[in-house]
>>> print(open('query00.tsv').read())   # TSV, C-alpha atoms (C1' of nucleotides) and all ligand atoms
chain	number	residue	atom	x	y	z
A	6	MET	CA	15.08	102.99	6.19
A	7	LYS	CA	18.09	101.38	7.88
A	8	LYS	CA	20.45	98.94	6.26
A	9	SER	CA	17.87	96.75	4.60
A	10	SER	CA	16.65	98.07	1.29
A	11	VAL	CA	13.09	97.26	0.41
A	12	GLU	CA	14.29	95.33	-2.59
A	13	GLN	CA	16.25	92.98	-0.37
A	14	LEU	CA	13.22	92.43	1.84
A	15	ILE	CA	11.03	91.75	-1.16
A	16	LEU	CA	13.46	89.16	-2.48
A	17	GLU	CA	13.59	87.45	0.90
A	18	THR	CA	9.84	87.50	1.22
A	19	LEU	CA	9.15	86.10	-2.25
A	20	SER	CA	11.83	83.45	-1.79
A	21	ARG	CA	10.48	82.43	1.57
A	22	GLU	CA	6.84	82.28	0.46
A	23	ASN	CA	7.93	80.66	-2.79
A	24	THR	CA	4.62	81.30	-4.52
A	25	HIS	CA	2.69	83.94	-6.44
A	26	LEU	CA	1.83	87.02	-4.36
A	27	THR	CA	-0.07	90.15	-5.31
A	28	SER	CA	1.60	93.51	-4.83
A	29	LEU	CA	-0.69	94.13	-1.89
A	30	GLN	CA	0.29	90.84	-0.30
A	31	VAL	CA	3.94	91.69	-0.76
A	32	TYR	CA	3.38	95.09	0.78
A	33	GLU	CA	1.63	93.58	3.77
A	34	GLU	CA	4.38	91.02	4.25
A	35	ILE	CA	7.06	93.69	4.11
A	36	ARG	CA	5.14	95.83	6.54
A	37	LYS	CA	5.33	93.08	9.13
A	38	GLN	CA	9.07	93.55	9.24
A	39	LEU	CA	9.14	97.24	8.43
A	40	PRO	CA	5.92	98.75	9.79
A	41	ALA	CA	6.71	102.27	8.62
A	42	VAL	CA	7.33	101.37	5.01
A	43	ASN	CA	5.19	103.19	2.47
A	44	SER	CA	3.08	101.29	-0.04
A	45	SER	CA	4.38	103.32	-2.95
A	46	THR	CA	7.92	102.35	-2.02
A	47	VAL	CA	7.04	98.68	-2.25
A	48	TYR	CA	5.06	99.09	-5.46
A	49	ARG	CA	7.87	101.01	-7.08
A	50	ALA	CA	10.46	98.49	-5.98
A	51	LEU	CA	8.40	95.65	-7.43
A	52	GLU	CA	8.19	97.49	-10.71
A	53	ARG	CA	11.94	98.04	-10.84
A	54	MET	CA	12.64	94.44	-9.99
A	55	SER	CA	10.37	93.07	-12.66
A	56	LYS	CA	12.02	95.29	-15.24
A	57	ARG	CA	15.38	93.81	-14.25
A	58	GLY	CA	14.00	90.29	-14.44
A	59	MET	CA	14.49	89.61	-10.72
A	60	VAL	CA	10.80	88.86	-10.28
A	61	SER	CA	8.08	87.84	-12.69
A	62	VAL	CA	4.71	89.57	-13.00
A	63	SER	CA	1.73	87.64	-14.29
A	64	ASP	CA	-1.99	87.57	-14.54
A	65	ILE	CA	-3.06	84.11	-13.46
A	66	GLY	CA	-6.74	84.93	-13.63
A	67	THR	CA	-7.21	85.91	-10.01
A	68	GLY	CA	-8.03	89.52	-10.70
A	69	ALA	CA	-4.78	91.06	-9.55
A	70	GLU	CA	-1.32	90.56	-10.96
A	71	VAL	CA	1.00	88.30	-9.02
A	72	PHE	CA	4.73	88.44	-8.44
A	73	GLU	CA	7.14	85.56	-8.00
A	74	VAL	CA	10.88	85.38	-7.51
A	75	VAL	CA	12.74	84.31	-10.65
A	76	LYS	CA	15.14	81.42	-10.17
A	77	ASN	CA	17.73	79.95	-12.49
A	78	GLU	CA	15.43	77.20	-13.63
A	79	LEU	CA	12.45	78.92	-15.17
A	80	HIS	CA	8.93	77.55	-15.08
A	81	HIS	CA	5.62	78.41	-16.69
A	82	HIS	CA	1.96	77.67	-16.02
A	83	LEU	CA	-1.27	76.44	-17.52
A	84	VAL	CA	-4.27	77.90	-15.71
A	85	CYS	CA	-7.73	76.35	-15.94
A	86	GLN	CA	-10.34	79.04	-16.44
A	87	GLU	CA	-13.04	76.88	-14.94
A	88	CYS	CA	-11.56	75.49	-11.73
A	89	GLY	CA	-8.55	77.74	-11.36
A	90	ARG	CA	-6.17	74.78	-11.22
A	91	ILE	CA	-2.59	75.78	-11.89
A	92	ILE	CA	-0.37	73.34	-13.76
A	93	THR	CA	3.36	74.04	-13.72
A	94	ILE	CA	5.36	73.20	-16.81
A	95	GLY	CA	9.09	73.32	-17.43
A	96	GLN	CA	11.22	75.19	-19.91
A	97	GLU	CA	11.80	72.55	-22.59
A	98	ASP	CA	8.84	72.89	-24.92
A	99	VAL	CA	8.45	76.56	-24.24
A	100	ARG	CA	12.07	77.19	-25.10
A	101	THR	CA	11.69	75.40	-28.39
A	102	PHE	CA	8.75	77.62	-29.25
A	103	PHE	CA	10.62	80.75	-28.22
A	104	LYS	CA	13.54	79.75	-30.45
A	105	VAL	CA	11.22	79.49	-33.44
A	106	ILE	CA	9.67	82.86	-32.73
A	107	GLU	CA	13.10	84.42	-32.25
A	108	GLN	CA	14.41	83.17	-35.58
A	109	ILE	CA	11.35	84.07	-37.59
A	110	ASN	CA	10.99	87.55	-36.15
A	111	ASP	CA	14.59	88.44	-35.34
A	112	PHE	CA	13.46	89.09	-31.81
A	113	GLU	CA	15.03	87.98	-28.54
A	114	VAL	CA	12.43	86.65	-26.10
A	115	PHE	CA	12.86	87.49	-22.40
A	116	THR	CA	9.50	86.31	-21.09
A	117	ASN	CA	10.33	84.31	-17.98
A	118	HIS	CA	6.94	83.19	-16.72
A	119	LEU	CA	4.48	82.30	-19.42
A	120	ILE	CA	0.82	81.82	-18.52
A	121	LEU	CA	-1.59	80.00	-20.82
A	122	PHE	CA	-5.29	79.84	-20.06
A	123	GLY	CA	-7.63	77.04	-20.97
A	124	LEU	CA	-9.43	73.96	-19.70
A	125	CYS	CA	-7.84	71.19	-17.68
A	126	SER	CA	-8.65	67.55	-18.44
A	127	GLU	CA	-10.91	67.15	-15.41
A	128	CYS	CA	-13.07	70.11	-16.34
A	129	ARG	CA	-13.23	68.97	-19.94
A	130	LYS	CA	-14.60	65.62	-18.79
A	131	LYS	CA	-17.23	67.28	-16.63
A	132	ASP	CA	-18.26	69.60	-19.44
A	133	ASN	CA	-18.67	66.69	-21.83
A	134	LEU	CA	-21.03	64.89	-19.45
A	135	SER	CA	-23.34	67.81	-18.84
S	13	MET	CA	-29.94	102.19	-19.42
S	14	LYS	CA	-32.15	102.16	-22.51
S	15	LYS	CA	-32.02	99.63	-25.28
S	16	SER	CA	-28.30	99.54	-25.74
S	17	SER	CA	-26.52	97.34	-23.28
S	18	VAL	CA	-23.09	98.42	-22.21
S	19	GLU	CA	-21.67	95.25	-23.68
S	20	GLN	CA	-22.91	96.21	-27.11
S	21	LEU	CA	-21.40	99.66	-26.80
S	22	ILE	CA	-18.09	98.19	-25.68
S	23	LEU	CA	-18.02	95.88	-28.68
S	24	GLU	CA	-18.76	98.73	-31.03
S	25	THR	CA	-16.13	100.92	-29.43
S	26	LEU	CA	-13.39	98.31	-29.48
S	27	SER	CA	-14.23	97.37	-33.06
S	28	ARG	CA	-14.23	100.97	-34.18
S	29	GLU	CA	-10.96	101.87	-32.44
S	30	ASN	CA	-9.51	98.54	-33.51
S	31	THR	CA	-6.61	98.72	-31.09
S	32	HIS	CA	-5.63	98.00	-27.50
S	33	LEU	CA	-7.46	100.18	-24.96
S	34	THR	CA	-7.21	100.29	-21.19
S	35	SER	CA	-10.34	99.81	-19.12
S	36	LEU	CA	-10.27	103.50	-18.30
S	37	GLN	CA	-10.05	104.40	-21.97
S	38	VAL	CA	-12.98	102.14	-22.73
S	39	TYR	CA	-14.96	103.72	-19.90
S	40	GLU	CA	-14.25	107.20	-21.20
S	41	GLU	CA	-15.23	106.26	-24.73
S	42	ILE	CA	-18.49	104.72	-23.56
S	43	ARG	CA	-19.24	107.75	-21.45
S	44	LYS	CA	-19.15	109.92	-24.54
S	45	GLN	CA	-22.20	108.08	-25.80
S	46	LEU	CA	-23.73	107.29	-22.47
S	47	PRO	CA	-22.73	110.07	-20.06
S	48	ALA	CA	-24.57	108.62	-17.09
S	49	VAL	CA	-22.94	105.23	-17.25
S	50	ASN	CA	-21.15	104.11	-14.13
S	51	SER	CA	-17.50	103.07	-14.20
S	52	SER	CA	-18.17	99.86	-12.31
S	53	THR	CA	-20.70	98.88	-14.92
S	54	VAL	CA	-18.11	99.19	-17.66
S	55	TYR	CA	-15.43	97.43	-15.65
S	56	ARG	CA	-17.74	94.56	-14.82
S	57	ALA	CA	-18.89	94.24	-18.41
S	58	LEU	CA	-15.31	94.08	-19.62
S	59	GLU	CA	-14.61	91.33	-17.13
S	60	ARG	CA	-17.60	89.31	-18.28
S	61	MET	CA	-16.70	89.74	-21.92
S	62	SER	CA	-13.14	88.62	-21.44
S	63	LYS	CA	-14.34	85.52	-19.61
S	64	ARG	CA	-16.52	84.70	-22.61
S	65	GLY	CA	-13.64	85.28	-25.01
S	66	MET	CA	-15.30	88.24	-26.72
S	67	VAL	CA	-12.41	90.52	-25.85
S	68	SER	CA	-8.81	89.83	-24.94
S	69	VAL	CA	-7.03	91.24	-21.89
S	70	SER	CA	-3.30	91.67	-21.92
S	71	ASP	CA	-0.38	93.35	-20.27
S	72	ILE	CA	1.68	94.87	-23.05
S	73	GLY	CA	4.06	96.59	-20.69
S	74	THR	CA	2.32	99.94	-20.54
S	75	GLY	CA	1.39	99.74	-16.88
S	76	ALA	CA	-2.29	99.03	-17.27
S	77	GLU	CA	-3.96	96.06	-18.88
S	78	VAL	CA	-5.41	96.58	-22.33
S	79	PHE	CA	-8.50	95.19	-24.00
S	80	GLU	CA	-9.05	94.39	-27.66
S	81	VAL	CA	-11.95	92.91	-29.58
S	82	VAL	CA	-11.39	89.28	-30.56
S	83	LYS	CA	-11.91	88.51	-34.22
S	84	ASN	CA	-12.06	85.23	-36.07
S	85	GLU	CA	-8.48	85.45	-37.14
S	86	LEU	CA	-6.44	85.62	-33.96
S	87	HIS	CA	-3.18	87.48	-33.60
S	88	HIS	CA	-0.46	87.77	-31.00
S	89	HIS	CA	2.34	90.20	-30.21
S	90	LEU	CA	6.03	90.55	-29.46
S	91	VAL	CA	6.70	93.62	-27.32
S	92	CYS	CA	10.15	95.19	-27.08
S	93	GLN	CA	10.94	96.06	-23.49
S	94	GLU	CA	13.38	98.74	-24.54
S	95	CYS	CA	11.56	100.77	-27.20
S	96	GLY	CA	8.02	99.53	-26.67
S	97	ARG	CA	7.70	98.47	-30.28
S	98	ILE	CA	4.83	96.08	-30.83
S	99	ILE	CA	5.25	93.37	-33.45
S	100	THR	CA	2.12	91.52	-34.50
S	101	ILE	CA	2.43	87.86	-35.35
S	102	GLY	CA	-0.09	85.42	-36.75
S	103	GLN	CA	-1.53	82.20	-35.46
S	104	GLU	CA	0.55	79.60	-37.29
S	105	ASP	CA	3.61	79.09	-35.11
S	106	VAL	CA	1.71	79.86	-31.95
S	107	ARG	CA	-0.91	77.29	-32.79
S	108	THR	CA	1.73	74.65	-33.37
S	109	PHE	CA	3.17	75.37	-29.93
S	110	PHE	CA	-0.26	75.27	-28.32
S	111	LYS	CA	-0.92	71.89	-29.92
S	112	VAL	CA	2.26	70.49	-28.37
S	113	ILE	CA	1.38	71.86	-24.96
S	114	GLU	CA	-2.15	70.51	-25.24
S	115	GLN	CA	-1.02	66.99	-26.09
S	116	ILE	CA	1.67	66.78	-23.45
S	117	ASN	CA	-0.47	68.17	-20.65
S	118	ASP	CA	-3.95	67.04	-21.66
S	119	PHE	CA	-5.01	70.66	-21.49
S	120	GLU	CA	-7.04	72.71	-23.96
S	121	VAL	CA	-5.51	76.14	-24.55
S	122	PHE	CA	-7.89	79.08	-24.93
S	123	THR	CA	-5.38	81.93	-24.81
S	124	ASN	CA	-6.37	84.20	-27.67
S	125	HIS	CA	-3.83	87.02	-27.46
S	126	LEU	CA	-0.36	85.95	-26.48
S	127	ILE	CA	2.20	88.57	-25.49
S	128	LEU	CA	5.92	87.83	-25.43
S	129	PHE	CA	8.40	90.37	-24.11
S	130	GLY	CA	11.95	90.80	-25.27
S	131	LEU	CA	14.28	92.84	-27.45
S	132	CYS	CA	13.61	93.81	-31.05
S	133	SER	CA	16.36	93.61	-33.64
S	134	GLU	CA	16.91	97.36	-33.75
S	135	CYS	CA	17.44	97.63	-30.01
S	136	ARG	CA	19.74	94.61	-30.05
S	137	LYS	CA	21.94	96.33	-32.62
S	138	LYS	CA	22.08	99.49	-30.58
S	139	ASP	CA	22.91	97.58	-27.43
S	140	ASN	CA	25.74	95.76	-29.15
S	141	LEU	CA	27.35	98.99	-30.27
S	142	SER	CA	27.34	100.65	-26.87
D	21	DT	C1'	36.53	113.36	4.00
D	22	DT	C1'	33.80	116.17	1.08
D	23	DT	C1'	31.18	116.84	-2.96
D	24	DG	C1'	27.99	115.70	-6.48
D	25	DC	C1'	24.79	112.74	-8.66
D	26	DA	C1'	21.55	109.24	-9.19
D	27	DA	C1'	18.52	106.09	-6.91
D	28	DT	C1'	15.39	105.32	-3.28
D	29	DT	C1'	11.96	106.64	-0.11
D	30	DG	C1'	8.10	109.15	2.31
D	31	DC	C1'	4.19	111.81	2.13
D	32	DA	C1'	-0.10	113.55	0.73
D	33	DA	C1'	-3.27	113.94	-2.84
D	34	DA	C1'	-5.28	112.13	-6.84
D	35	DA	C1'	-6.76	108.53	-9.61
D	36	DA	C1'	-8.33	104.05	-10.69
D	37	DT	C1'	-10.55	99.95	-9.41
D	38	DT	C1'	-13.33	96.94	-6.51
D	39	DT	C1'	-17.07	95.73	-3.48
D	40	DG	C1'	-21.62	95.22	-1.08
D	41	DC	C1'	-26.04	96.09	-1.52
D	42	DA	C1'	-30.34	97.89	-3.44
D	43	DT	C1'	-32.74	98.57	-7.75
D	44	DT	C1'	-33.96	97.72	-12.42
D	45	DA	C1'	-34.12	95.27	-16.67
D	46	DT	C1'	-34.51	90.86	-19.28
D	47	DA	C1'	-36.20	86.68	-20.31
D	48	DA	C1'	-38.24	82.31	-19.30
D	49	DA	C1'	-42.04	79.82	-17.08
D	50	DA	C1'	-46.55	79.42	-15.43
T	8	DT	C1'	-50.42	88.45	-18.77
T	9	DT	C1'	-48.35	87.57	-14.34
T	10	DT	C1'	-44.80	85.43	-11.83
T	11	DT	C1'	-40.20	84.21	-11.00
T	12	DA	C1'	-35.44	83.94	-11.46
T	13	DT	C1'	-31.21	85.65	-13.33
T	14	DA	C1'	-28.37	89.14	-15.00
T	15	DA	C1'	-27.12	93.90	-15.38
T	16	DT	C1'	-26.76	98.38	-13.41
T	17	DG	C1'	-26.26	102.35	-10.17
T	18	DC	C1'	-24.52	104.19	-6.13
T	19	DA	C1'	-21.58	105.08	-2.34
T	20	DA	C1'	-17.88	103.55	0.30
T	21	DA	C1'	-13.70	101.16	0.62
T	22	DT	C1'	-9.62	99.63	-1.28
T	23	DT	C1'	-5.75	99.64	-4.15
T	24	DT	C1'	-2.53	101.93	-7.00
T	25	DT	C1'	-0.31	105.96	-9.03
T	26	DT	C1'	1.77	110.46	-9.08
T	27	DG	C1'	4.39	114.82	-8.11
T	28	DC	C1'	7.49	116.59	-5.28
T	29	DA	C1'	10.64	117.07	-1.47
T	30	DA	C1'	13.85	114.74	1.53
T	31	DT	C1'	17.04	111.12	2.26
T	32	DT	C1'	20.28	107.67	1.17
T	33	DG	C1'	24.12	105.31	-1.14
T	34	DC	C1'	28.03	105.51	-3.92
T	35	DA	C1'	31.90	107.01	-6.20
T	36	DA	C1'	34.84	110.77	-7.85
T	37	DA	C1'	37.53	114.47	-6.39
A	201	ZN	ZN	5.04	80.53	-11.25
A	202	ZN	ZN	-10.21	72.75	-14.39
A	203	ZN	ZN	-3.52	92.73	-30.29
A	204	ZN	ZN	13.11	97.83	-29.49
>>> encode(input="query00.tsv", output="structure tokens")
Amino acid sequence: MKKSSVEQLILETLSRENTHLTSLQVYEEIRKQLPAVNSSTVYRALERMSKRGMVSVSDIGTGAEVFEVVKNELHHHLVCQECGRIITIGQEDVRTFFKVIEQINDFEVFTNHLILFGLCSECRKKDNLS
Amino acid sequence: MKKSSVEQLILETLSRENTHLTSLQVYEEIRKQLPAVNSSTVYRALERMSKRGMVSVSDIGTGAEVFEVVKNELHHHLVCQECGRIITIGQEDVRTFFKVIEQINDFEVFTNHLILFGLCSECRKKDNLS
DNA sequence: TTTGCAATTGCAAAAATTTGCATTATAAAA
DNA sequence: TTTTATAATGCAAATTTTTGCAATTGCAAA
């Protein structure tokens, strides 16, 4: 390993791709630039980074967890269990909910990438017809 | 496989244990009653059951996803990232939040076991002192 | 600079999970 | 009952992820 730490490469990769990637996808991306890198090094770096809140880890219903770089402006998602459609929602309403939970339970919420599963409007229409 | 389907055994196991189990733990429990059962059979059954909403799947910060039987009265959790403490919360406030999200986004939320990460009050006190 | 310590990495083995395909069981239809 | 179609299961191989341990690196104190 030369100058570039794997963490730095992961951040660059996730920022560049700017989407949700599985740990394997991250590993394969990193390997393009650093062919000798070991998978466990990447996996362990991802784990560290998610603990520090640098990246988010989420199950979006695709089978494997996905990672995404965390920016200043947080976002969250609604995922349709039928068609897989991913709707991105902002912080506002989520923050309000978090505030309520925090006050009631004397608990400080850190969750930075909330995923809610359900049915999108299109799929609900289709289901009603059939 | 005789009469008993693996799904039935999984339901019984999760109901009996009445807690969060990893897929491997479920597999090992099932194997006690059905030594010849194959791991892929259990894993695939768990996947089917979570799709149907019979069991919940969640990351509670322990490394591996955990499964739990879904009852009529839903519950959710707050998980402390520092001490691992798991606080169980009821439906009320969560349901209110879901309703808001549903109306704004024309999306029907199915999520049956919400996990929020953060800091519990005890750990916040400790952190303030140090 | 040198020393010491903690964090990071590589490596190899183990463990856990997934996948493709053949077989078997279940249930509905004829 | 027999036929047919769908779903569940087993099996073996492949893939993905984790783990223990040793070696290396980075950083700061001495
Ligand atoms: Zn996202
Ligand atoms: Zn949909
Ligand atoms: Zn629970
Ligand atoms: Zn705590």
>>> interface_residues(input="query00.tsv", of="chain D", to="chain S", cutoff="10 Å", atoms="all atoms listed in the file", output="ChimeraX atom specification")
/D:36-39,44-45
>>> interface_residues(input="query00.tsv", of="chain T", to="chain A", cutoff="12 Å", atoms="all atoms listed in the file", output="list in words")
DT22, DT23, DT24, DT25, DT26, DT31, DT32 and DG33 of chain T
>>> write_last_selection(input="query00.tsv", atoms="C-alpha atoms (C1' of nucleotides)", output="PDB file, in the frame of the given file")
ATOM      1  C1'  DT T  22      -9.620  99.630  -1.280  1.00  0.00           C
ATOM      2  C1'  DT T  23      -5.750  99.640  -4.150  1.00  0.00           C
ATOM      3  C1'  DT T  24      -2.530 101.930  -7.000  1.00  0.00           C
ATOM      4  C1'  DT T  25      -0.310 105.960  -9.030  1.00  0.00           C
ATOM      5  C1'  DT T  26       1.770 110.460  -9.080  1.00  0.00           C
ATOM      6  C1'  DT T  31      17.040 111.120   2.260  1.00  0.00           C
ATOM      7  C1'  DT T  32      20.280 107.670   1.170  1.00  0.00           C
ATOM      8  C1'  DG T  33      24.120 105.310  -1.140  1.00  0.00           C
TER       9       DG T  33
END
>>> interface_residues(input="query00.tsv", of="chain S", to="chain A", cutoff="9 Å", atoms="only C-alpha atoms", output="JSON, numbers by chain")
{"S": [63, 70, 71, 90, 92, 93, 99, 101, 105, 106, 108, 109, 110, 112, 113, 117, 118, 119, 120, 121, 122, 123, 124, 126, 127, 128, 129, 130, 131, 132, 133, 136]}
>>> axis_aligned_box(input="query00.tsv", around="range 37-46 of chain D", padding_each_side="3 Å", output="JSON")
{"center_x": -22.5, "center_y": 95.4, "center_z": -10.2, "size_x": 30.0, "size_y": 15.1, "size_z": 24.2}
>>> residues_near_ligand(input="query00.tsv", ligand="ligand ZN 203 (chain A)", cutoff="8 Å", atoms="only C-alpha atoms (C1' of nucleotides) and all ligand atoms", output="MDAnalysis selection string")
chainID S and resid 31:32 80 87:89 100 125
>>> residues_near_point(input="query00.tsv", point="(8.0, 88.6, 9.9)", cutoff="12 Å", atoms="only C-alpha atoms (C1' of nucleotides)", output="number ranges by chain")
A: 14-15, 17-18, 21-22, 31, 33-40
